[in-house]
>>> print(open('upload20.txt').read())   # compact mmCIF, C-alpha atoms
# COMPACT_ATOMS: atom_id res chain seq x y z
CA ASN A 1 -121.16 38.95 -120.65
CA ALA A 2 -124.09 40.22 -118.59
CA GLY A 3 -121.93 40.10 -115.47
CA VAL A 4 -123.90 39.88 -112.21
CA THR A 5 -127.65 40.19 -112.59
CA GLN A 6 -130.25 40.57 -109.85
CA THR A 7 -134.02 40.32 -109.89
CA PRO A 8 -136.31 41.91 -109.00
CA LYS A 9 -135.06 45.50 -109.00
CA PHE A 10 -137.73 46.62 -106.51
CA GLN A 11 -139.96 44.67 -104.15
CA VAL A 12 -142.49 45.54 -101.46
CA LEU A 13 -143.42 42.87 -98.93
CA LYS A 14 -145.75 42.73 -95.98
CA THR A 15 -144.39 41.61 -92.63
CA GLY A 16 -144.34 37.82 -92.46
CA GLN A 17 -144.26 37.22 -96.20
CA SER A 18 -141.47 35.21 -97.77
CA MET A 19 -139.60 35.80 -100.97
CA THR A 20 -136.45 34.95 -102.86
CA LEU A 21 -134.02 37.47 -104.29
CA GLN A 22 -132.34 36.10 -107.38
CA CYS A 23 -128.68 36.51 -108.30
CA ALA A 24 -126.90 35.07 -111.31
CA GLN A 25 -123.46 35.52 -112.86
CA ASP A 26 -122.10 34.38 -116.20
CA MET A 27 -118.38 34.78 -115.45
CA ASN A 28 -117.89 31.27 -114.02
CA HIS A 29 -116.94 32.78 -110.67
CA GLU A 30 -116.55 30.38 -107.77
CA TYR A 31 -117.22 32.92 -105.02
CA MET A 32 -120.57 34.66 -104.60
CA SER A 33 -121.92 36.73 -101.76
CA TRP A 34 -124.88 38.77 -100.56
CA TYR A 35 -124.68 42.14 -98.85
CA ARG A 36 -127.22 44.54 -97.46
CA GLN A 37 -126.68 48.28 -97.61
CA ASP A 38 -128.29 50.54 -95.07
CA PRO A 39 -127.83 54.32 -94.70
CA GLY A 40 -124.81 55.15 -92.59
CA MET A 41 -123.79 51.51 -92.21
CA GLY A 42 -121.99 50.68 -95.41
CA LEU A 43 -122.33 47.18 -96.82
CA ARG A 44 -122.64 44.23 -94.50
CA LEU A 45 -122.09 40.63 -95.55
CA ILE A 46 -125.09 38.34 -95.11
CA HIS A 47 -123.95 35.01 -96.58
CA TYR A 48 -121.31 33.86 -98.99
CA SER A 49 -120.42 30.79 -101.02
CA VAL A 50 -117.03 29.59 -102.20
CA GLY A 51 -118.50 27.12 -104.68
CA ALA A 52 -121.53 25.03 -105.56
CA GLY A 53 -122.83 23.25 -102.48
CA ILE A 54 -120.79 25.35 -100.03
CA THR A 55 -122.22 28.31 -98.13
CA ASP A 56 -121.28 30.15 -94.95
CA GLN A 57 -122.55 32.97 -92.78
CA GLY A 58 -121.36 36.54 -92.85
CA GLU A 59 -121.85 39.38 -90.35
CA VAL A 60 -125.65 39.56 -90.44
CA PRO A 61 -127.10 36.15 -91.43
CA ASN A 62 -130.19 36.04 -89.19
CA GLY A 63 -133.48 35.91 -91.09
CA TYR A 64 -131.86 34.88 -94.37
CA ASN A 65 -131.21 31.53 -96.04
CA VAL A 66 -129.06 30.68 -99.02
CA SER A 67 -128.19 27.67 -101.11
CA ARG A 68 -125.84 27.20 -104.06
CA SER A 69 -126.82 24.37 -106.35
CA THR A 70 -125.04 25.72 -109.45
CA THR A 71 -121.98 27.89 -110.06
CA GLU A 72 -124.14 30.53 -111.77
CA ASP A 73 -126.92 31.11 -109.24
CA PHE A 74 -126.99 32.18 -105.61
CA PRO A 75 -130.52 33.00 -104.39
CA LEU A 76 -131.23 34.72 -101.07
CA ARG A 77 -134.38 33.69 -99.23
CA LEU A 78 -136.28 35.71 -96.66
CA LEU A 79 -138.44 33.22 -94.78
CA SER A 80 -140.59 35.68 -92.82
CA ALA A 81 -139.90 39.29 -93.75
CA ALA A 82 -139.56 41.91 -91.03
CA PRO A 83 -139.42 45.72 -91.32
CA SER A 84 -135.78 45.54 -90.16
CA GLN A 85 -135.00 43.79 -93.44
CA THR A 86 -135.92 46.89 -95.43
CA SER A 87 -132.69 47.57 -97.28
CA VAL A 88 -130.90 47.50 -100.60
CA TYR A 89 -129.45 44.07 -101.33
CA PHE A 90 -126.39 43.51 -103.48
CA CYS A 91 -125.01 40.29 -104.85
CA ALA A 92 -121.33 40.04 -105.76
CA SER A 93 -119.02 37.49 -107.31
CA ARG A 94 -115.32 36.95 -107.89
CA MET A 95 -112.93 34.35 -109.20
CA ALA A 96 -111.40 31.78 -106.90
CA GLY A 97 -107.79 32.28 -105.87
CA GLY A 98 -105.82 35.29 -104.78
CA ASN A 99 -107.54 37.87 -106.97
CA TYR A 100 -110.10 39.37 -104.62
CA GLU A 101 -111.72 41.70 -107.14
CA GLN A 102 -115.46 41.57 -106.59
CA TYR A 103 -118.10 42.40 -109.19
CA PHE A 104 -121.40 43.70 -107.85
CA GLY A 105 -124.89 43.43 -109.28
CA PRO A 106 -127.23 46.42 -109.64
CA GLY A 107 -129.08 45.72 -106.41
CA THR A 108 -132.61 44.97 -105.23
CA ARG A 109 -134.43 47.59 -103.17
CA LEU A 110 -136.67 45.81 -100.68
CA THR A 111 -139.29 47.48 -98.53
CA VAL A 112 -141.08 45.53 -95.79
CA THR A 113 -144.23 47.19 -94.42
CA GLN B 1 -118.18 46.59 -83.79
CA GLN B 2 -117.11 48.33 -86.96
CA GLN B 3 -114.07 46.50 -88.32
CA VAL B 4 -113.20 49.32 -90.70
CA LYS B 5 -113.77 52.94 -89.71
CA GLN B 6 -114.13 55.52 -92.48
CA SER B 7 -114.08 59.31 -92.42
CA PRO B 8 -115.35 61.80 -93.29
CA GLN B 9 -118.99 60.95 -93.82
CA SER B 10 -119.29 63.62 -96.50
CA LEU B 11 -116.86 65.77 -98.42
CA ILE B 12 -117.27 68.78 -100.69
CA VAL B 13 -114.35 69.68 -102.95
CA GLN B 14 -113.87 72.26 -105.67
CA LYS B 15 -113.18 71.04 -109.19
CA GLY B 16 -109.45 70.52 -109.59
CA GLY B 17 -108.89 70.01 -105.88
CA ILE B 18 -107.71 66.94 -103.99
CA SER B 19 -110.22 64.69 -102.26
CA ILE B 20 -108.92 62.63 -99.34
CA ILE B 21 -110.85 59.86 -97.60
CA ASN B 22 -109.42 57.96 -94.67
CA CYS B 23 -109.95 54.47 -93.25
CA ALA B 24 -108.61 52.67 -90.21
CA TYR B 25 -108.70 49.01 -89.20
CA GLU B 26 -107.75 46.88 -86.23
CA ASN B 27 -107.37 43.34 -87.58
CA THR B 28 -103.74 42.86 -88.56
CA ALA B 29 -104.70 39.74 -90.52
CA PHE B 30 -106.34 41.90 -93.20
CA ASP B 31 -104.24 41.72 -96.35
CA TYR B 32 -106.35 43.28 -99.10
CA PHE B 33 -107.73 46.80 -98.97
CA PRO B 34 -110.03 47.85 -101.83
CA TRP B 35 -111.84 51.09 -102.51
CA TYR B 36 -115.22 51.04 -104.22
CA GLN B 37 -117.08 53.81 -106.03
CA GLN B 38 -120.85 53.81 -106.07
CA PHE B 39 -123.18 56.05 -108.09
CA PRO B 40 -126.82 56.49 -107.06
CA GLY B 41 -128.95 53.50 -108.00
CA LYS B 42 -125.94 51.38 -108.98
CA GLY B 43 -123.87 48.69 -107.36
CA PRO B 44 -120.40 49.43 -106.02
CA ALA B 45 -117.54 49.10 -108.49
CA LEU B 46 -113.92 48.40 -107.62
CA LEU B 47 -111.82 51.52 -108.06
CA ILE B 48 -108.40 50.55 -106.78
CA ALA B 49 -106.96 48.11 -104.24
CA ILE B 50 -103.74 47.60 -102.33
CA ARG B 51 -101.93 44.83 -100.47
CA PRO B 52 -99.93 45.65 -97.32
CA ASP B 53 -96.57 44.91 -98.92
CA VAL B 54 -96.58 48.33 -100.62
CA SER B 55 -97.14 51.78 -99.15
CA GLU B 56 -98.71 53.42 -102.17
CA LYS B 57 -100.54 52.47 -105.35
CA LYS B 58 -101.52 54.88 -108.08
CA GLU B 59 -103.95 54.42 -110.95
CA GLY B 60 -104.53 57.56 -112.95
CA ARG B 61 -105.88 60.27 -110.64
CA PHE B 62 -106.56 57.78 -107.83
CA THR B 63 -103.93 56.87 -105.23
CA ILE B 64 -104.09 54.64 -102.16
CA SER B 65 -101.66 55.45 -99.37
CA PHE B 66 -101.15 52.63 -96.88
CA ASN B 67 -99.61 52.90 -93.42
CA LYS B 68 -99.22 49.41 -91.99
CA SER B 69 -97.87 50.49 -88.59
CA ALA B 70 -100.74 52.92 -88.04
CA LYS B 71 -103.28 50.49 -89.54
CA GLN B 72 -104.62 53.21 -91.78
CA PHE B 73 -105.14 53.66 -95.48
CA SER B 74 -106.49 56.52 -97.51
CA LEU B 75 -107.79 57.33 -100.97
CA HIS B 76 -106.56 60.45 -102.71
CA ILE B 77 -108.36 61.75 -105.78
CA MET B 78 -106.22 64.27 -107.59
CA ASP B 79 -107.70 66.94 -109.88
CA SER B 80 -111.20 66.05 -108.68
CA GLN B 81 -113.92 66.32 -111.32
CA PRO B 82 -117.72 66.67 -111.06
CA GLY B 83 -117.97 63.17 -112.53
CA ASP B 84 -116.16 61.87 -109.43
CA SER B 85 -119.19 62.84 -107.33
CA ALA B 86 -120.25 59.52 -105.81
CA THR B 87 -120.12 57.53 -102.60
CA TYR B 88 -116.80 55.86 -101.81
CA PHE B 89 -116.35 52.84 -99.60
CA CYS B 90 -113.18 51.37 -98.22
CA ALA B 91 -113.07 47.70 -97.29
CA ALA B 92 -110.75 45.03 -95.94
CA THR B 93 -110.46 41.28 -95.96
CA ASP B 94 -108.03 38.59 -94.91
CA THR B 95 -109.11 35.45 -96.76
CA GLY B 96 -111.16 37.09 -99.51
CA ASN B 97 -114.30 35.48 -98.10
CA GLN B 98 -115.46 38.01 -95.52
CA PHE B 99 -115.18 41.63 -96.62
CA TYR B 100 -115.68 44.39 -94.06
CA PHE B 101 -116.77 47.75 -95.41
CA GLY B 102 -116.49 51.26 -94.07
CA THR B 103 -119.63 53.34 -93.69
CA GLY B 104 -119.03 55.34 -96.86
CA THR B 105 -118.11 58.89 -97.85
CA SER B 106 -120.38 60.99 -100.03
CA LEU B 107 -118.16 63.12 -102.28
CA THR B 108 -119.49 66.17 -104.06
CA VAL B 109 -117.21 67.97 -106.51
CA ILE B 110 -118.38 71.50 -107.21
CA PRO B 111 -117.75 72.82 -110.75
>>> encode(input="upload20.txt", output="structure tokens")
Amino acid sequence: NAGVTQTPKFQVLKTGQSMTLQCAQDMNHEYMSWYRQDPGMGLRLIHYSVGAGITDQGEVPNGYNVSRSTTEDFPLRLLSAAPSQTSVYFCASRMAGGNYEQYFGPGTRLTVT
Amino acid sequence: QQQVKQSPQSLIVQKGGISIINCAYENTAFDYFPWYQQFPGKGPALLIAIRPDVSEKKEGRFTISFNKSAKQFSLHIMDSQPGDSATYFCAATDTGNQFYFGTGTSLTVIP
């Protein structure tokens, strides 16, 4: 199993540009989520999904969109990038049910200039 | 408002010593408390987790101590090794959907 994969690994955007961060998992996990990690702030939840077709907001959803059309994929869209969105983004997944063990991807480092 | 408060921000320990990282929370609905280990350039990885029905959980050199009345939990790393040098995050959740993370502790183990 590849586990949780994320692409790209690095990205530089100009303010106002849009892009999609890709996340895929091959473990048939129902739950997937996106976090951003900023120095001194830990990881903060952006959006999550409990299954295909179901998404919900986390702590810091503004400026980001998600959709979940398949169990495997959970892309994160930045509609109009801002310098405040410069961060490292992590995708995570876990099985449904009472086992809350999350598996994280390797991250995407995004810089918005 | 930080749902989970973590301290210290950084920690330097001699090889063979005990590393202790502390976390505190306010939401009594939280019922799962994991600790994650993160190496530079990598994603966090689950190290050990505890539910509030037990006061301690041990896995190898890693132990979580949980104090429900004080709403605190801590990670103890016994016989710390240079390979343990990493950033550690505590977290908490109630439903398993929204996880709240601490701000992280950078651990350096000196040989």
>>> interface_residues(input="upload20.txt", of="chain B", to="chain A", cutoff="8 Å", atoms="all atoms listed in the file", output="PyMOL selection string")
chain B and resi 32+41-46+89+96-104
>>> closest_residue(input="upload20.txt", among="A:Gln85, A:Gln17, A:Asn1, A:Ser93", to="A:Val60", atoms="all atoms listed in the file")
A:Gln85
>>> atom_distance(input="upload20.txt", atom1="atom CA of B:Tyr25", atom2="atom CA of A:Ser84")
27.3 Å
>>> atom_distance(input="upload20.txt", atom1="atom CA of B:Ile110", atom2="atom CA of B:Asn22")
20.5 Å
>>> closest_residue(input="upload20.txt", among="B:Val54, B:Leu11, B:Val4, B:Ile48", to="B:Cys23", atoms="only C-alpha atoms")
B:Val4
>>> atom_distance(input="upload20.txt", atom1="atom CA of B:Ile64", atom2="atom CA of A:Arg36")
25.7 Å
>>> residues_near_point(input="upload20.txt", point="(-144.8, 44.3, -96.5)", cutoff="12 Å", atoms="only C-alpha atoms", output="list in words")
Gln11, Val12, Leu13, Lys14, Thr15, Gly16, Gln17, Ser18, Met19, Ser80, Ala81, Ala82, Pro83, Ser84, Gln85, Thr86, Leu110, Thr111, Val112 and Thr113 of chain A
>>> write_last_selection(input="upload20.txt", atoms="C-alpha atoms", output="compact mmCIF listing (two decimals), in the frame of the given file")
# COMPACT_ATOMS: atom_id res chain seq x y z
CA GLN A 11 -139.96 44.67 -104.15
CA VAL A 12 -142.49 45.54 -101.46
CA LEU A 13 -143.42 42.87 -98.93
CA LYS A 14 -145.75 42.73 -95.98
CA THR A 15 -144.39 41.61 -92.63
CA GLY A 16 -144.34 37.82 -92.46
CA GLN A 17 -144.26 37.22 -96.20
CA SER A 18 -141.47 35.21 -97.77
CA MET A 19 -139.60 35.80 -100.97
CA SER A 80 -140.59 35.68 -92.82
CA ALA A 81 -139.90 39.29 -93.75
CA ALA A 82 -139.56 41.91 -91.03
CA PRO A 83 -139.42 45.72 -91.32
CA SER A 84 -135.78 45.54 -90.16
CA GLN A 85 -135.00 43.79 -93.44
CA THR A 86 -135.92 46.89 -95.43
CA LEU A 110 -136.67 45.81 -100.68
CA THR A 111 -139.29 47.48 -98.53
CA VAL A 112 -141.08 45.53 -95.79
CA THR A 113 -144.23 47.19 -94.42
>>> closest_residue(input="upload20.txt", among="A:Glu72, A:Gly63, A:Phe10, A:Ala52", to="A:Cys23", atoms="all atoms listed in the file")
A:Glu72
>>> closest_residue(input="upload20.txt", among="B:Lys58, B:Lys5, B:Lys15, B:Arg51", to="B:Ser80", atoms="only C-alpha atoms")
B:Lys15
